[in-house]
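run_28.txt (compact mmCIF, C-alpha atoms and all ligand atoms) appears below.
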# COMPACT_ATOMS: atom_id res chain seq x y z
CA MET A 158 120.69 77.07 88.03
CA VAL A 159 119.92 80.52 89.25
CA ARG A 160 117.25 82.61 87.61
CA ILE A 161 116.41 86.25 88.06
CA ASN A 162 113.29 87.59 89.68
CA GLN A 163 111.22 87.89 86.51
CA HIS A 164 109.06 90.61 88.01
CA PHE A 165 111.95 93.05 87.57
CA LEU A 166 111.48 92.69 83.83
CA LYS A 167 107.99 94.12 84.11
CA LEU A 168 109.37 97.44 85.35
CA HIS A 169 108.54 100.03 82.79
CA ASN A 170 111.77 100.93 81.10
CA TYR A 171 111.19 104.63 81.31
CA PHE A 172 113.93 106.66 82.87
CA LEU A 173 112.16 109.95 83.43
CA PHE A 174 115.08 111.74 85.03
CA THR A 175 117.56 110.33 82.50
CA GLU A 176 115.41 111.63 79.65
CA ILE A 177 115.18 115.04 81.34
CA ALA A 178 118.96 115.16 81.80
CA GLN A 179 119.55 114.14 78.19
CA ARG A 180 117.26 116.82 76.79
CA ALA A 181 118.94 119.44 78.98
CA GLU A 182 122.37 118.18 77.90
CA ARG A 183 121.48 118.33 74.20
CA PHE A 184 120.24 121.88 74.62
CA LEU A 185 123.44 122.90 76.41
CA GLN A 186 125.58 121.41 73.68
CA LYS A 187 123.84 123.66 71.16
CA HIS A 188 123.87 126.67 73.49
CA PRO A 189 126.99 126.35 75.63
CA ASP A 190 126.76 129.81 77.19
CA VAL A 191 123.24 129.41 78.59
CA THR A 192 122.76 128.74 82.32
CA LEU A 193 119.86 126.40 82.99
CA PHE A 194 117.59 126.76 86.02
CA LYS A 195 116.94 123.30 87.37
CA LEU A 196 113.50 123.26 88.95
CA GLY A 197 112.91 119.65 88.10
CA ILE A 198 114.21 117.48 90.86
CA GLY A 199 112.82 117.23 94.39
CA ASP A 200 116.10 117.59 96.22
CA THR A 201 116.90 120.10 98.92
CA THR A 202 119.53 122.83 98.51
CA GLU A 203 119.86 124.62 101.85
CA PRO A 204 122.45 123.50 104.43
CA LEU A 205 121.64 121.56 107.61
CA PRO A 206 120.35 123.65 110.52
CA GLN A 207 122.53 124.36 113.56
CA SER A 208 120.60 122.03 115.88
CA VAL A 209 121.49 119.12 113.59
CA ILE A 210 125.14 120.12 113.32
CA THR A 211 125.40 120.27 117.12
CA GLY A 212 123.76 116.85 117.41
CA LEU A 213 125.94 115.28 114.73
CA LYS A 214 129.07 116.59 116.43
CA ARG A 215 127.86 115.23 119.76
CA GLY A 216 127.32 111.87 118.06
CA VAL A 217 130.89 111.85 116.75
CA GLU A 218 132.23 112.85 120.19
CA LYS A 219 130.36 110.01 121.88
CA LEU A 220 131.74 107.44 119.47
CA SER A 221 135.27 108.75 119.85
CA ASN A 222 135.34 108.29 123.60
CA LYS A 223 135.96 104.95 125.32
CA LYS A 224 133.38 105.67 128.01
CA THR A 225 130.54 106.62 125.68
CA TYR A 226 131.28 104.43 122.68
CA VAL A 227 128.52 102.01 121.67
CA GLY A 228 128.31 99.53 118.80
CA TYR A 229 125.04 98.22 117.42
CA GLY A 230 121.99 99.99 118.73
CA ASP A 231 118.33 99.03 118.88
CA GLU A 232 117.36 98.41 115.25
CA ARG A 233 114.12 100.31 115.89
CA GLY A 234 116.15 103.39 116.81
CA GLU A 235 117.42 104.92 120.05
CA ILE A 236 114.75 105.01 122.73
CA ALA A 237 115.50 108.69 123.42
CA LEU A 238 114.73 109.53 119.83
CA ARG A 239 111.58 107.41 119.70
CA LYS A 240 110.38 109.04 122.91
CA GLY A 241 111.18 112.38 121.32
CA PHE A 242 108.81 111.49 118.49
CA VAL A 243 106.14 110.43 120.99
CA SER A 244 106.24 113.96 122.46
CA TRP A 245 106.36 115.49 119.01
CA TYR A 246 103.19 113.63 117.99
CA GLN A 247 101.62 114.54 121.32
CA GLU A 248 102.00 118.21 120.44
CA HIS A 249 99.95 117.50 117.34
CA GLY A 250 97.27 115.80 119.42
CA VAL A 251 98.31 112.25 118.55
CA SER A 252 99.20 109.77 121.28
CA LEU A 253 101.54 106.94 120.35
CA ASP A 254 103.74 104.50 122.20
CA ALA A 255 107.53 104.52 121.64
CA ASP A 256 107.18 100.85 120.55
CA GLU A 257 105.04 101.97 117.64
CA ILE A 258 107.79 104.17 116.17
CA PHE A 259 110.57 102.76 114.04
CA ILE A 260 113.52 104.89 112.96
CA SER A 261 114.57 104.26 109.36
CA ASP A 262 117.24 105.42 106.98
CA GLY A 263 114.62 107.34 105.03
CA ALA A 264 111.03 107.09 103.95
CA LYS A 265 111.79 105.41 100.64
CA THR A 266 113.32 102.34 102.24
CA ASP A 267 110.30 101.73 104.45
CA LEU A 268 107.81 102.58 101.72
CA ALA A 269 109.49 99.85 99.69
CA ASN A 270 109.72 97.33 102.55
CA ILE A 271 106.42 97.75 104.39
CA PRO A 272 104.45 95.93 101.66
CA SER A 273 106.46 92.80 102.45
CA LEU A 274 104.31 92.51 105.60
CA PHE A 275 101.24 91.73 103.55
CA HIS A 276 99.99 88.91 101.42
CA GLN A 277 101.38 88.47 97.93
CA ARG A 278 97.97 88.82 96.32
CA CYS A 279 97.08 92.18 97.85
CA ILE A 280 95.60 94.65 95.41
CA ILE A 281 97.26 98.03 95.62
CA ALA A 282 95.64 101.40 94.95
CA VAL A 283 97.59 104.56 94.16
CA GLN A 284 96.85 108.13 93.30
CA ASP A 285 97.43 109.00 89.66
CA PRO A 286 99.70 110.97 89.31
CA VAL A 287 102.00 110.09 92.21
CA TYR A 288 105.57 109.34 93.34
CA PRO A 289 106.35 106.32 91.14
CA MET A 290 108.14 104.07 93.63
CA TYR A 291 104.98 102.81 95.36
CA VAL A 292 103.98 100.94 92.24
CA ASP A 293 107.51 100.03 91.19
CA SER A 294 108.29 98.31 94.50
CA ASN A 295 105.09 96.30 94.22
CA VAL A 296 106.02 95.36 90.66
CA ILE A 297 109.18 93.82 92.08
CA TYR A 298 107.09 91.98 94.72
CA GLY A 299 105.04 90.53 91.88
CA ARG A 300 101.79 92.22 92.85
CA THR A 301 101.10 93.72 89.45
CA GLY A 302 100.54 92.51 85.94
CA LYS A 303 102.28 93.82 82.85
CA TYR A 304 102.73 97.47 81.95
CA LYS A 305 100.52 98.70 79.15
CA ASN A 306 99.51 102.20 78.03
CA GLY A 307 100.98 103.89 81.07
CA ARG A 308 99.46 101.50 83.61
CA TYR A 309 100.21 98.21 85.29
CA LYS A 310 97.52 95.57 85.23
CA LYS A 311 96.02 94.70 88.64
CA VAL A 312 96.87 98.12 90.09
CA VAL A 313 93.95 100.39 90.94
CA TYR A 314 94.68 103.96 89.88
CA MET A 315 92.76 106.74 91.60
CA PRO A 316 92.72 109.73 89.21
CA CYS A 317 93.66 113.07 90.72
CA VAL A 318 92.56 115.75 88.32
CA LYS A 319 91.52 119.39 88.31
CA GLU A 320 87.86 118.42 88.67
CA ASN A 321 88.44 116.72 92.03
CA ASN A 322 91.07 119.24 93.21
CA PHE A 323 93.66 116.49 92.76
CA VAL A 324 92.14 114.61 95.70
CA PRO A 325 91.29 110.98 94.94
CA SER A 326 87.83 109.48 95.19
CA LEU A 327 87.36 106.23 97.06
CA PRO A 328 88.20 103.13 95.02
CA LYS A 329 85.22 101.50 93.36
CA THR A 330 86.62 97.98 93.34
CA ARG A 331 88.21 95.95 96.12
CA VAL A 332 91.66 97.12 97.17
CA ASP A 333 93.87 96.05 100.07
CA LEU A 334 96.79 98.46 100.30
CA ILE A 335 96.00 102.09 99.65
CA TYR A 336 98.91 104.47 99.21
CA LEU A 337 98.19 108.08 100.02
CA CYS A 338 100.87 110.68 99.45
CA MET A 339 99.80 113.76 101.35
CA PRO A 340 100.75 116.60 100.78
CA ASN A 341 101.09 115.16 97.34
CA ASN A 342 104.13 114.80 95.18
CA PRO A 343 103.75 115.93 92.38
CA THR A 344 100.48 117.92 92.53
CA GLY A 345 101.08 119.70 95.85
CA SER A 346 97.46 118.94 96.76
CA ILE A 347 96.30 118.02 100.25
CA MET A 348 93.23 116.34 101.69
CA THR A 349 91.08 117.92 104.36
CA LYS A 350 90.44 116.01 107.57
CA LYS A 351 86.98 115.20 106.29
CA GLN A 352 88.31 113.74 103.03
CA LEU A 353 90.94 111.75 104.86
CA ALA A 354 88.31 110.50 107.34
CA GLU A 355 86.39 109.06 104.37
CA PHE A 356 89.44 107.01 103.41
CA VAL A 357 89.88 105.87 107.01
CA ALA A 358 86.23 104.81 107.18
CA TYR A 359 86.57 103.03 103.85
CA ALA A 360 89.72 101.19 104.96
CA LYS A 361 88.09 100.08 108.20
CA GLN A 362 84.97 98.92 106.44
CA HIS A 363 86.85 96.97 103.77
CA LYS A 364 89.67 95.84 106.06
CA ALA A 365 92.23 97.61 103.91
CA ILE A 366 95.46 99.25 105.08
CA ILE A 367 96.44 102.82 104.20
CA ILE A 368 100.14 103.47 103.72
CA PHE A 369 100.33 107.16 104.46
CA ASP A 370 103.40 108.88 103.03
CA THR A 371 103.59 112.22 104.71
CA ALA A 372 107.14 113.23 103.79
CA TYR A 373 105.90 116.79 103.19
CA ALA A 374 103.84 117.15 106.40
CA ALA A 375 106.12 119.93 107.65
CA PHE A 376 105.05 122.07 104.69
CA VAL A 377 101.38 122.11 105.74
CA GLN A 378 100.50 125.70 106.65
CA ASP A 379 96.81 125.68 107.40
CA PRO A 380 96.36 124.40 111.00
CA LYS A 381 93.00 122.90 110.03
CA LEU A 382 94.67 120.51 107.58
CA PRO A 383 95.99 117.15 108.81
CA ARG A 384 99.75 116.55 109.21
CA SER A 385 99.36 113.02 110.49
CA ILE A 386 96.71 110.47 109.55
CA TYR A 387 96.35 109.66 113.26
CA GLU A 388 94.63 113.00 113.72
CA ILE A 389 91.66 111.09 112.27
CA PRO A 390 89.93 109.00 114.94
CA GLY A 391 90.20 105.27 114.23
CA ALA A 392 93.19 105.63 111.88
CA LYS A 393 95.42 103.58 114.17
CA GLN A 394 93.36 100.54 113.22
CA CYS A 395 94.03 100.90 109.52
CA ALA A 396 97.03 103.13 108.76
CA ILE A 397 100.81 102.97 108.72
CA GLU A 398 102.44 106.39 108.55
CA ILE A 399 105.83 107.04 106.97
CA ASN A 400 107.70 110.32 107.32
CA SER A 401 111.21 111.64 106.92
CA PHE A 402 113.47 114.57 107.67
CA SER A 403 114.64 114.64 104.04
CA LYS A 404 112.56 117.55 102.86
CA SER A 405 111.92 119.45 106.09
CA ALA A 406 115.48 119.43 107.43
CA GLY A 407 117.67 118.79 104.40
CA PHE A 408 118.27 115.11 105.28
CA THR A 409 118.16 113.87 101.67
CA GLY A 410 121.85 113.03 101.95
CA VAL A 411 122.02 112.45 105.72
CA ARG A 412 119.26 109.78 105.58
CA MET A 413 116.73 109.39 108.35
CA GLY A 414 113.02 108.84 108.52
CA TRP A 415 110.49 107.15 110.77
CA THR A 416 107.56 104.82 110.42
CA VAL A 417 104.61 104.32 112.72
CA VAL A 418 103.16 100.81 112.89
CA PRO A 419 100.35 101.04 115.46
CA LYS A 420 99.66 98.10 117.71
CA ASP A 421 95.95 98.60 117.04
CA LEU A 422 96.35 97.82 113.35
CA ARG A 423 93.67 95.35 112.26
CA VAL A 424 94.45 92.78 109.64
CA GLU A 425 92.12 89.90 108.78
CA ASP A 426 94.39 87.04 109.88
CA ALA A 427 96.54 88.76 112.52
CA ILE A 428 95.90 89.27 116.22
CA PRO A 429 96.11 92.84 117.59
CA GLY A 430 99.75 93.90 117.87
CA GLU A 431 100.95 91.25 115.46
CA VAL A 432 101.73 93.52 112.52
CA ASN A 433 103.78 95.74 114.82
CA ALA A 434 105.62 92.64 116.09
CA LEU A 435 106.19 91.40 112.55
CA TRP A 436 107.70 94.72 111.49
CA LYS A 437 109.98 94.63 114.52
CA ARG A 438 110.99 91.09 113.56
CA ARG A 439 111.56 92.16 109.98
CA GLN A 440 113.80 95.05 111.00
CA ALA A 441 115.79 92.84 113.39
CA THR A 442 116.32 90.36 110.55
CA MET A 443 117.03 92.66 107.65
CA PHE A 444 118.14 95.99 109.09
CA ASN A 445 120.65 96.96 111.74
CA GLY A 446 119.43 100.43 112.50
CA VAL A 447 120.46 103.95 111.61
CA SER A 448 123.86 105.40 112.52
CA HIS A 449 124.10 106.77 116.08
CA ILE A 450 125.55 109.96 114.68
CA THR A 451 122.55 110.57 112.44
CA GLN A 452 120.16 109.86 115.29
CA GLU A 453 121.94 112.39 117.50
CA GLY A 454 121.51 114.91 114.69
CA ALA A 455 117.82 114.11 114.48
CA LEU A 456 117.41 114.51 118.24
CA GLY A 457 118.50 118.10 117.73
CA LEU A 458 115.59 118.62 115.36
CA LEU A 459 113.06 117.63 118.02
CA THR A 460 114.18 120.43 120.33
CA LYS A 461 112.42 123.79 120.30
CA GLN A 462 115.29 125.31 118.39
CA GLY A 463 115.29 122.40 115.94
CA GLN A 464 111.58 122.76 115.29
CA LYS A 465 112.02 126.48 114.68
CA GLU A 466 114.82 125.74 112.23
CA CYS A 467 112.69 123.18 110.37
CA HIS A 468 109.97 125.80 110.20
CA ASP A 469 112.43 128.32 108.73
CA ILE A 470 113.60 125.84 106.10
CA THR A 471 110.08 124.98 104.98
CA GLN A 472 109.17 128.70 104.91
CA TYR A 473 112.21 129.37 102.74
CA TYR A 474 111.10 126.86 100.11
CA LEU A 475 107.47 127.94 100.37
CA GLU A 476 108.53 131.53 99.69
CA ASN A 477 110.29 130.23 96.58
CA ALA A 478 107.03 128.53 95.65
CA ARG A 479 105.14 131.82 96.11
CA LEU A 480 107.58 133.61 93.79
CA ILE A 481 107.19 131.02 91.06
CA ARG A 482 103.44 130.82 91.52
CA ALA A 483 102.97 134.60 91.38
CA THR A 484 105.01 134.87 88.19
CA LEU A 485 103.29 131.98 86.43
CA THR A 486 99.85 133.23 87.44
CA GLN A 487 100.64 136.75 86.28
CA LEU A 488 101.79 135.35 82.95
CA GLY A 489 98.44 133.61 82.54
CA PHE A 490 99.22 130.03 83.51
CA GLU A 491 96.97 127.86 85.62
CA VAL A 492 98.88 126.87 88.74
CA PHE A 493 97.97 124.42 91.53
CA GLY A 494 99.74 123.40 94.72
CA GLY A 495 102.70 125.21 96.24
CA GLU A 496 100.79 126.39 99.31
CA ASN A 497 101.15 123.38 101.58
CA ALA A 498 103.85 121.63 99.59
CA PRO A 499 107.07 122.57 97.80
CA TYR A 500 105.65 121.60 94.40
CA LEU A 501 103.65 123.56 91.86
CA TRP A 502 101.52 121.68 89.41
CA VAL A 503 101.16 123.73 86.27
CA GLU A 504 98.72 123.06 83.48
CA THR A 505 100.32 123.13 80.05
CA PRO A 506 98.99 126.00 77.90
CA LYS A 507 96.97 125.52 74.72
CA GLY A 508 96.75 121.76 75.07
CA LEU A 509 100.47 121.10 74.80
CA SER A 510 101.66 117.73 76.05
CA SER A 511 103.82 117.56 79.17
CA TRP A 512 106.95 116.99 77.08
CA GLU A 513 106.11 119.75 74.58
CA PHE A 514 105.77 122.24 77.39
CA PHE A 515 108.93 120.86 78.98
CA ASP A 516 110.82 121.59 75.73
CA LEU A 517 109.32 125.06 75.43
CA LEU A 518 110.33 125.96 79.00
CA LEU A 519 113.79 124.55 78.37
CA GLU A 520 114.37 126.31 75.06
CA LYS A 521 112.73 129.66 75.69
CA ALA A 522 113.06 130.19 79.46
CA HIS A 523 116.01 127.89 80.15
CA ILE A 524 114.06 126.25 82.94
CA VAL A 525 114.09 122.51 83.55
CA VAL A 526 110.90 121.10 85.08
CA THR A 527 109.46 117.58 85.38
CA PRO A 528 106.86 116.49 82.82
CA GLY A 529 103.70 115.53 84.69
CA VAL A 530 103.14 112.43 82.59
CA GLY A 531 106.19 110.90 84.29
CA PHE A 532 104.08 110.54 87.45
CA GLY A 533 101.20 108.68 85.83
CA PRO A 534 98.81 108.93 82.88
CA HIS A 535 96.68 111.61 84.56
CA GLY A 536 99.79 113.77 84.88
CA GLU A 537 99.66 114.35 81.11
CA GLY A 538 99.00 117.99 80.34
CA TYR A 539 100.91 119.20 83.41
CA VAL A 540 104.46 119.87 84.52
CA ARG A 541 105.85 119.99 88.04
CA PHE A 542 107.89 122.95 89.21
CA SER A 543 109.95 122.25 92.30
CA SER A 544 110.61 125.13 94.67
CA PHE A 545 113.77 123.61 96.08
CA GLY A 546 116.62 125.92 95.15
CA HIS A 547 118.61 128.90 96.36
CA ARG A 548 116.56 132.09 96.43
CA GLU A 549 118.91 133.78 93.93
CA THR A 550 118.37 130.93 91.46
CA ILE A 551 114.61 131.11 91.84
CA GLN A 552 114.66 134.90 91.39
CA GLU A 553 116.68 134.57 88.20
CA ALA A 554 114.44 131.75 86.99
CA VAL A 555 111.30 133.85 87.38
CA LYS A 556 112.98 136.76 85.55
CA SER A 557 113.82 134.39 82.75
CA LEU A 558 110.19 133.23 82.66
CA GLN A 559 108.98 136.84 82.45
CA LYS A 560 111.35 137.60 79.60
CA ALA A 561 110.47 134.50 77.61
CA SER A 562 106.85 135.46 76.67
CA LEU A 563 106.07 131.77 76.34
CA LEU A 564 102.40 132.08 75.53
CA GLN A 565 103.20 134.21 72.49
CA LYS A 566 105.56 131.54 71.21
CA ILE A 567 103.09 128.67 70.91
C1 LIG B 601 111.33 112.78 98.85
C2 LIG B 601 110.19 111.88 99.15
C3 LIG B 601 110.30 110.92 100.15
C4 LIG B 601 111.50 110.91 101.04
O1 LIG B 601 112.30 109.86 100.84
P1 LIG B 601 113.60 109.69 101.76
O2 LIG B 601 113.97 108.29 101.48
O3 LIG B 601 113.19 109.93 103.17
O4 LIG B 601 114.62 110.69 101.30
C5 LIG B 601 109.21 110.10 100.40
N1 LIG B 601 108.06 110.24 99.72
C6 LIG B 601 107.92 111.18 98.78
C7 LIG B 601 106.62 111.34 98.10
C8 LIG B 601 108.99 112.01 98.46
O5 LIG B 601 108.84 112.93 97.50
As structure tokens:
Amino acid sequence: MVRINQHFLKLHNYFLFTEIAQRAERFLQKHPDVTLFKLGIGDTTEPLPQSVITGLKRGVEKLSNKKTYVGYGDERGEIALRKGFVSWYQEHGVSLDADEIFISDGAKTDLANIPSLFHQRCIIAVQDPVYPMYVDSNVIYGRTGKYKNGRYKKVVYMPCVKENNFVPSLPKTRVDLIYLCMPNNPTGSIMTKKQLAEFVAYAKQHKAIIIFDTAYAAFVQDPKLPRSIYEIPGAKQCAIEINSFSKSAGFTGVRMGWTVVPKDLRVEDAIPGEVNALWKRRQATMFNGVSHITQEGALGLLTKQGQKECHDITQYYLENARLIRATLTQLGFEVFGGENAPYLWVETPKGLSSWEFFDLLLEKAHIVVTPGVGFGPHGEGYVRFSSFGHRETIQEAVKSLQKASLLQKI
């Protein structure tokens, strides 16, 4: 008799994006001639850069020719691409070995699978608010208790609030796997090297592992701020880094990311290099690698031209963020983030709840955002504006905001 994995049933039955879509739909049914500005979802809108297109075409060419055709590749990714990443990290002052880099079909997959390397009873710590899948995947692994009042039992939540600049404090109780999302989705906050070094020191001291999700690293503007956790000395002993081309190069639908599992990683009951070897074993068993075509496309991004094009894409979205930020600030709202990340974290006015402000923005300014409470209990009282969108859309959205005189309508 087969039974289901009961842990699935613990997953909080709260479909944030479904609820958002339904509210928008209901509004449109009542007001069919209104155009909504969708600044809710974190998905890219600008087309792939030329370096990627050239690479993708080259990939197709290679597979269409008898002499250059290949079947399965190395499940860790093509060596040329991994070496490309080694040089890329080198430029940021980080030295890695090609064997420490694993090409994936996106950050989410690896963020969900990496925890399978560690013991069932690991205690996980997450920022609150944060990207919800870190906790959800661990719910499925059975590492959490039941969901109650916005939280799962056995999970350590690190509040990120205005008072701490949305940067978490070190956990006060024992934790084993610490997720850090930096620059942060949804708050757009970022840690300084000094703050990150405190987490590294903590992890080393308590023999914990940091899972560093740096999907928005390419948006970091200030050269003094870290883009990789390995810029912090000693981090290779305690951190796995996960990144992706989704947001910096429009790969949300192409699918490719990379994960660094350092050979120096220290885990209580593993010899040096073992975690790296286990991840390699895991990928060989449960993954057959990323399409050659995609990897050729990604190779294009590691060229000078590719890097310039990534820079242009991130600048495009950051300019959108500046437009939204300037308008909201001028209208009297309190706005955070948006400087080193494509997200703006906006405090709701006059004590409105996240959903109340969501409705007000929808009804009066025809703008769809994401209620902050959907990212964790400490997201209550905020909404997230995404700056992904065509410039024309953003310009119209800010005009609509200006016209709406929201603060007078509460
Ligand atoms: C978008 C996003 C990712 C990227 O996921 P992919 O699977 O690479 O598309 C990872 N982490 C965070 C926090 C994100 O917002």
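Checking A:Pro189, A:Gly391, A:Pro340, A:Gly241 one by one against ligand LIG 601 (chain B), counting only C-alpha atoms and all ligand atoms, you find the shortest gap at A:Pro340.
Shortest separation to Ser252 (chain A) among A:Val424, A:Val417, A:Val318, A:Ile210 occurs at residue A:Val417, atoms counted being all atoms listed in the file.
Once all atoms listed in the file are used for the distance check, the residues close to ligand LIG 601 (chain B) at 6 Å turn out to be Gly263, Ala264, Lys265, Tyr288, Cys338, Asn342, Asp370, Ala372, Ser401, Ser403, Thr409 and Gly414 of chain A.
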Residues near Phe490 (chain A), cut-off 10 Å, only C-alpha atoms, skip fewer than 3 positions along chain, as a JSON list (two decimals) with C-alpha atoms, in the frame of the given file:
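To be explicit, this is the file written out as result30.json:
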[["chain", "number", "residue", "atom", "x", "y", "z"],
["A", 482, "ARG", "CA", 103.44, 130.82, 91.52],
["A", 483, "ALA", "CA", 102.97, 134.60, 91.38],
["A", 484, "THR", "CA", 105.01, 134.87, 88.19],
["A", 485, "LEU", "CA", 103.29, 131.98, 86.43],
["A", 486, "THR", "CA", 99.85, 133.23, 87.44],
["A", 487, "GLN", "CA", 100.64, 136.75, 86.28],
["A", 493, "PHE", "CA", 97.97, 124.42, 91.53],
["A", 503, "VAL", "CA", 101.16, 123.73, 86.27],
["A", 504, "GLU", "CA", 98.72, 123.06, 83.48],
["A", 505, "THR", "CA", 100.32, 123.13, 80.05],
["A", 506, "PRO", "CA", 98.99, 126.00, 77.90],
["A", 564, "LEU", "CA", 102.40, 132.08, 75.53]]
Exercise for the section: Mind checking which residues fall within 10 Å of region 223-228 of chain A, counting all atoms listed in the file, ignoring those fewer than 6 positions away in the same chain, and posting them as a PyMOL selection string? Expected result: chain A and resi 216-217+448-449
Exercise for the section: Find the residues near region 434-445 of chain A: any atom within 6 Å, counting all atoms listed in the file, skip ones fewer than 2 places away on the same chain, and give them as an MDAnalysis selection string. Expected result: chainID A and resid 232 431:432
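In this comparison, which uses all atoms listed in the file, the residue of A:Lys311, A:His547, A:Lys240, A:Arg384 approaching Asn400 (chain A) most closely is A:Arg384.
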Problem - Which of A:Phe259, A:Tyr309, A:Tyr500, A:Phe184 sits closest to Met339 (chain A) [using all atoms listed in the file] - result: A:Tyr500
Exercise for the section: Would you be able to write out as a VMD selection string which residues have an atom within 9 Å of (116.3, 119.6, 94.0) in the file's coordinates, counting all atoms listed in the file? Expected result: chain A and resid 195 to 202 543 to 546
Practice task
Write out as an MDAnalysis selection string which residues come within 12 Å of region 292-294 of chain A when counting only C-alpha atoms, dropping same-chain ones fewer than 4 positions away.
Solution key: chainID A and resid 164:171 265:273 280:288 298:304 307:314 334:336 532:533
Go ahead and write the selection's residues with C-alpha atoms as a CSV table (one decimal), in the frame of the given file.
chain,number,residue,atom,x,y,z
A,164,HIS,CA,109.1,90.6,88.0
A,165,PHE,CA,112.0,93.0,87.6
A,166,LEU,CA,111.5,92.7,83.8
A,167,LYS,CA,108.0,94.1,84.1
A,168,LEU,CA,109.4,97.4,85.4
A,169,HIS,CA,108.5,100.0,82.8
A,170,ASN,CA,111.8,100.9,81.1
A,171,TYR,CA,111.2,104.6,81.3
A,265,LYS,CA,111.8,105.4,100.6
A,266,THR,CA,113.3,102.3,102.2
A,267,ASP,CA,110.3,101.7,104.4
A,268,LEU,CA,107.8,102.6,101.7
A,269,ALA,CA,109.5,99.8,99.7
A,270,ASN,CA,109.7,97.3,102.6
A,271,ILE,CA,106.4,97.8,104.4
A,272,PRO,CA,104.4,95.9,101.7
A,273,SER,CA,106.5,92.8,102.4
A,280,ILE,CA,95.6,94.6,95.4
A,281,ILE,CA,97.3,98.0,95.6
A,282,ALA,CA,95.6,101.4,95.0
A,283,VAL,CA,97.6,104.6,94.2
A,284,GLN,CA,96.8,108.1,93.3
A,285,ASP,CA,97.4,109.0,89.7
A,286,PRO,CA,99.7,111.0,89.3
A,287,VAL,CA,102.0,110.1,92.2
A,288,TYR,CA,105.6,109.3,93.3
A,298,TYR,CA,107.1,92.0,94.7
A,299,GLY,CA,105.0,90.5,91.9
A,300,ARG,CA,101.8,92.2,92.8
A,301,THR,CA,101.1,93.7,89.4
A,302,GLY,CA,100.5,92.5,85.9
A,303,LYS,CA,102.3,93.8,82.8
A,304,TYR,CA,102.7,97.5,82.0
A,307,GLY,CA,101.0,103.9,81.1
A,308,ARG,CA,99.5,101.5,83.6
A,309,TYR,CA,100.2,98.2,85.3
A,310,LYS,CA,97.5,95.6,85.2
A,311,LYS,CA,96.0,94.7,88.6
A,312,VAL,CA,96.9,98.1,90.1
A,313,VAL,CA,94.0,100.4,90.9
A,314,TYR,CA,94.7,104.0,89.9
A,334,LEU,CA,96.8,98.5,100.3
A,335,ILE,CA,96.0,102.1,99.6
A,336,TYR,CA,98.9,104.5,99.2
A,532,PHE,CA,104.1,110.5,87.4
A,533,GLY,CA,101.2,108.7,85.8
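For the pair CA of Phe514 (chain A) and CA of Gln559 (chain A), the interatomic distance is 15.8 Å.
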Exercise for the section: For CA of Ala237 (chain A) and CA of Pro390 (chain A), determine how far apart the two atoms are, in Å to one decimal place. Expected result: 26.9 Å
Practice task
Within 10 Å of Ile258 (chain A), counting all atoms listed in the file, which residues show up once you throw out same-chain ones fewer than 5 positions away? Write them as a PyMOL selection string, please.
Solution key: chain A and resi 233-234+236+238-240+242-243+253+398-399+415-419+433+437
Exercise for the section: Give me, please, the distance in Å between CA of Asp231 (chain A) and CA of Cys395 (chain A), quoted to one decimal. Expected result: 26.1 Å
Problem - Distance criterion (only C-alpha atoms): nearest to Gly446 (chain A) out of A:Cys279, A:Ala358, A:Met413, A:Ala478 - result: A:Met413
Please return the centre and edge lengths, in Å to one decimal, of a box with edges along x, y and z that contains all listed atoms of region 192-209 of chain A, widened by 4 Å on every side, as lines of an AutoDock Vina configuration file.
center_x = 117.8
center_y = 123.0
center_z = 99.1
size_x = 17.9
size_y = 19.5
size_z = 41.6
Practice task
Counting all atoms listed in the file, figure out which residue out of A:Lys187, A:His535, A:Lys319, A:Lys350 gets nearest to Val492 (chain A).
Solution key: A:Lys319
